[in-house]
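Participant: What follows is the file coords-v2.pdb, containing PDB, C-alpha atoms:
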```pdb
ATOM      1  CA  MET A   1      -2.298   6.872 -12.324
ATOM      2  CA  LEU A   2      -1.963   3.477 -10.595
ATOM      3  CA  ARG A   3       1.440   1.895 -10.081
ATOM      4  CA  PHE A   4       2.335  -1.477  -8.547
ATOM      5  CA  THR A   5       5.254  -3.209  -6.832
ATOM      6  CA  ASP A   6       6.254  -6.847  -7.146
ATOM      7  CA  GLU A   7       5.412  -7.174  -3.419
ATOM      8  CA  HIS A   8       1.743  -6.494  -4.321
ATOM      9  CA  GLU A   9       1.431  -2.919  -3.115
ATOM     10  CA  TRP A  10      -0.313  -0.325  -5.237
ATOM     11  CA  LEU A  11      -0.152   3.427  -5.223
ATOM     12  CA  LYS A  12      -2.170   6.160  -6.845
ATOM     13  CA  LEU A  13      -0.516   9.534  -7.321
ATOM     14  CA  GLU A  14      -2.508  12.741  -6.893
ATOM     15  CA  GLY A  15      -0.212  15.756  -7.141
ATOM     16  CA  ASP A  16       2.820  14.939  -4.989
ATOM     17  CA  VAL A  17       0.890  12.646  -2.605
ATOM     18  CA  ALA A  18       0.390   8.938  -3.246
ATOM     19  CA  THR A  19      -2.280   6.748  -1.681
ATOM     20  CA  VAL A  20      -0.851   3.282  -0.864
ATOM     21  CA  GLY A  21      -2.523  -0.063  -0.252
ATOM     22  CA  ILE A  22      -2.312  -3.774  -0.956
ATOM     23  CA  THR A  23      -3.540  -5.268  -4.201
ATOM     24  CA  ALA A  24      -6.596  -7.464  -4.579
ATOM     25  CA  HIS A  25      -4.229 -10.403  -5.159
ATOM     26  CA  ALA A  26      -2.465  -9.773  -1.829
ATOM     27  CA  ALA A  27      -5.773  -9.439   0.002
ATOM     28  CA  GLU A  28      -6.992 -12.698  -1.530
ATOM     29  CA  GLN A  29      -3.795 -14.531  -0.554
ATOM     30  CA  LEU A  30      -3.951 -13.249   3.028
ATOM     31  CA  GLY A  31      -7.581 -14.175   3.572
ATOM     32  CA  ASP A  32      -9.582 -12.737   6.477
ATOM     33  CA  LEU A  33      -7.714  -9.726   7.857
ATOM     34  CA  VAL A  34      -7.907  -9.393  11.653
ATOM     35  CA  PHE A  35      -5.347  -6.683  12.491
ATOM     36  CA  ILE A  36      -3.693  -3.745  10.742
ATOM     37  CA  GLU A  37      -0.884  -1.534  12.002
ATOM     38  CA  LEU A  38      -0.224   1.660  10.059
ATOM     39  CA  PRO A  39       2.676   4.124  10.138
ATOM     40  CA  LYS A  40       2.395   7.313  12.180
ATOM     41  CA  VAL A  41       1.472  10.539  10.403
ATOM     42  CA  GLY A  42       4.702  12.475   9.968
ATOM     43  CA  ALA A  43       6.857   9.330   9.764
ATOM     44  CA  ARG A  44       9.604   9.455   7.143
ATOM     45  CA  LEU A  45       9.885   6.308   5.068
ATOM     46  CA  ALA A  46      12.621   5.212   2.700
ATOM     47  CA  LYS A  47      11.702   3.144  -0.328
ATOM     48  CA  GLY A  48      11.510  -0.492   0.796
ATOM     49  CA  ASP A  49      10.942   0.265   4.495
ATOM     50  CA  ALA A  50       8.346  -1.835   6.296
ATOM     51  CA  ALA A  51       5.575   0.772   6.527
ATOM     52  CA  ALA A  52       2.596  -1.227   7.789
ATOM     53  CA  VAL A  53       1.578  -4.695   8.944
ATOM     54  CA  VAL A  54      -1.504  -6.611   7.836
ATOM     55  CA  GLU A  55      -2.363  -9.727   9.782
ATOM     56  CA  SER A  56      -4.830 -12.404   8.805
ATOM     57  CA  VAL A  57      -5.906 -15.672  10.335
ATOM     58  CA  LYS A  58      -3.252 -17.252   8.054
ATOM     59  CA  ALA A  59      -0.214 -14.978   8.484
ATOM     60  CA  ALA A  60       1.166 -11.528   9.165
ATOM     61  CA  SER A  61       2.741  -9.602   6.319
ATOM     62  CA  ASP A  62       4.698  -6.372   6.073
ATOM     63  CA  VAL A  63       3.576  -3.719   3.621
ATOM     64  CA  TYR A  64       6.614  -1.962   2.199
ATOM     65  CA  ALA A  65       6.926   1.683   1.191
ATOM     66  CA  PRO A  66       6.978   1.763  -2.620
ATOM     67  CA  VAL A  67       8.535   5.252  -2.552
ATOM     68  CA  ALA A  68      10.393   7.503  -0.119
ATOM     69  CA  GLY A  69       8.567  10.321   1.599
ATOM     70  CA  GLU A  70       6.542  11.530   4.575
ATOM     71  CA  VAL A  71       3.308   9.895   5.729
ATOM     72  CA  THR A  72       0.569  12.542   5.540
ATOM     73  CA  GLU A  73      -2.517  10.498   6.432
ATOM     74  CA  VAL A  74      -3.561   7.019   7.534
ATOM     75  CA  ASN A  75      -6.855   5.211   7.003
ATOM     76  CA  ALA A  76      -8.170   4.871  10.565
ATOM     77  CA  ALA A  77     -11.224   3.018   9.217
ATOM     78  CA  ALA A  78      -8.902   0.217   8.042
ATOM     79  CA  VAL A  79      -7.525  -0.158  11.574
ATOM     80  CA  ASP A  80     -11.032  -0.164  13.068
ATOM     81  CA  ASP A  81     -12.336  -2.654  10.483
ATOM     82  CA  PRO A  82      -9.507  -4.705   8.905
ATOM     83  CA  ALA A  83     -12.030  -6.667   6.829
ATOM     84  CA  SER A  84     -12.755  -3.452   4.897
ATOM     85  CA  VAL A  85      -9.258  -3.666   3.388
ATOM     86  CA  ALA A  86      -9.929  -7.128   1.969
ATOM     87  CA  ALA A  87     -13.397  -6.083   0.802
ATOM     88  CA  ASP A  88     -12.112  -3.118  -1.245
ATOM     89  CA  PRO A  89      -8.281  -3.253  -1.270
ATOM     90  CA  GLN A  90      -7.778  -0.855  -4.174
ATOM     91  CA  GLY A  91     -10.483   1.583  -3.095
ATOM     92  CA  GLY A  92     -11.801   2.334   0.387
ATOM     93  CA  GLY A  93      -9.318  -0.171   1.848
ATOM     94  CA  TRP A  94      -6.288   2.049   1.216
ATOM     95  CA  LEU A  95      -3.724   2.118   4.035
ATOM     96  CA  TYR A  96      -1.825   5.430   4.070
ATOM     97  CA  ARG A  97      -0.852   8.482   2.050
ATOM     98  CA  ILE A  98       2.720   9.595   1.509
ATOM     99  CA  ARG A  99       4.168  12.841   0.113
ATOM    100  CA  LEU A 100       6.849  11.755  -2.358
ATOM    101  CA  ASP A 101      10.409  12.976  -1.956
ATOM    102  CA  GLU A 102      10.983  12.422  -5.694
ATOM    103  CA  PRO A 103       8.158  12.074  -8.260
ATOM    104  CA  SER A 104      10.624  10.223 -10.512
ATOM    105  CA  ALA A 105      10.484   7.343  -7.972
ATOM    106  CA  LEU A 106       7.391   6.126  -9.816
ATOM    107  CA  ASP A 107       9.538   5.328 -12.846
ATOM    108  CA  GLY A 108      10.659   2.029 -11.287
ATOM    109  CA  LEU A 109       7.126   0.793 -10.594
ATOM    110  CA  MET A 110       4.838  -1.253 -12.837
ATOM    111  CA  ASP A 111       1.747   0.017 -14.591
ATOM    112  CA  GLU A 112      -1.485  -2.017 -14.508
ATOM    113  CA  ALA A 113      -0.674  -4.012 -17.648
ATOM    114  CA  ALA A 114       2.788  -5.006 -16.383
ATOM    115  CA  TYR A 115       1.389  -5.959 -12.978
ATOM    116  CA  ALA A 116      -1.385  -8.059 -14.545
ATOM    117  CA  ALA A 117       1.201  -9.871 -16.690
ATOM    118  CA  MET A 118       3.487 -10.585 -13.724
ATOM    119  CA  PRO A 119       3.459 -14.216 -12.566
ATOM    120  CA  LYS A 120       1.685 -14.423  -9.246
TER     121      LYS A 120
END
```
Please express what this file holds, its structure, as structure tokens.

Facilitator:
Amino acid sequence: MLRFTDEHEWLKLEGDVATVGITAHAAEQLGDLVFIELPKVGARLAKGDAAAVVESVKAASDVYAPVAGEVTEVNAAAVDDPASVAADPQGGGWLYRIRLDEPSALDGLMDEAAYAAMPK
């Protein structure tokens, strides 16, 4: 199940852990990514916290936590090769995984149809 934020983050829930990344639209707007900073495993994030930073030749942008929880894993390959995030933002370019405090937190996020209909 994919869910989206209006800040162009996506998450995919598997059990009580969600994989989080930036959308293809965000990656396209940023352009060539040159640096990525991810949260530490074990970090506790509140919904809306700045969780990661993606930096391109154009600008740096915060990636916000779409839900509250504990970071369980980060994508070290994304740090080693930031371009991989732009190449496959909603696949192999994921950023981190977070164990949700409340599964009902997904209720406030958009599904794919709502995200696609949102003005960009």

Participant: For the structure provided, state which residues fall under the PyMOL selection byres ((chain A and resi 68) around 8), and present them as a list in words.

Facilitator: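 Residues picked by the PyMOL selection byres ((chain A and resi 68) around 8): Arg44, Leu45, Ala46, Lys47, Ala65, Pro66, Val67, Gly69, Glu70, Leu100, Asp101, Glu102 and Ala105 of chain A.
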
Participant: For atom CA of A:Ala87 and atom CA of A:Asp107, determine how far apart the two atoms are, in Å to one decimal place.

Facilitator: 29.0 Å

Participant: Nearest residue to A:Val63 out of A:Arg99, A:Lys40, A:His25, A:His8, using only C-alpha atoms?

Facilitator: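 For A:Val63, the nearest of the given residues is A:His8.
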
Participant: Please provide as JSON, numbers by chain all residues within 8 Å of A:Trp94, with the sequence filter that same-chain residues fewer than 3 positions apart are discarded (counting only C-alpha atoms).

Facilitator: {"A": [19, 20, 21, 22, 75, 78, 85, 89, 90, 91]}

Participant: Which residue out of A:Val34, A:Ala24, A:Val41, A:Ala117 has the minimum interatomic distance to A:Trp10 when all atoms listed in the file are used?

Facilitator: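 When distances to A:Trp10 are compared using all atoms listed in the file, the smallest one comes from A:Ala24.
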
Participant: Starting from the PyMOL selection byres ((chain A and resi 74) around 12), expand the selection into actual residues of this file and give them as number ranges by chain.

Facilitator: A: 18-21, 36-43, 51-52, 70-73, 75-80, 92-98

Participant: Would you mind telling me which residue in A:Asp111, A:Asp88, A:Asp32, A:Asp16 lies nearest to A:Val57 when using only C-alpha atoms?

Facilitator: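 Result for the nearest residue to A:Val57: A:Asp32.
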
Participant: Just to confirm, what's the straight-line distance from atom CA of A:Glu14 to atom CA of A:Asp81 in Å (one decimal)?

Facilitator: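 Distance reported for this atom pair: 25.2 Å.
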
Participant: Of the candidates A:Lys120, A:Arg3, A:Lys12, A:Lys58, which shows the shortest atom-to-atom distance to A:Leu33, using all atoms listed in the file?

Facilitator: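 When distances to A:Leu33 are compared using all atoms listed in the file, the smallest one comes from A:Lys58.
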
Participant: If you measure from atom CA of A:Gly48 to atom CA of A:Ser61, what distance in Å do you get, rounded to one decimal?

Facilitator: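 Here the two named atoms are 13.8 Å from each other.
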
Participant: Select, from A:Val17, A:Met110, A:Leu11, A:Leu30, the residue with the minimum atom-to-atom distance to A:Tyr64, counting all atoms listed in the file.

Facilitator: A:Leu11

Participant: Find, counting all atoms listed in the file, the residue in A:Thr23, A:Glu9, A:Ala83, A:Ser104 that gets nearest to A:Ala50.

Facilitator: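 Nearest to A:Ala50: A:Glu9.
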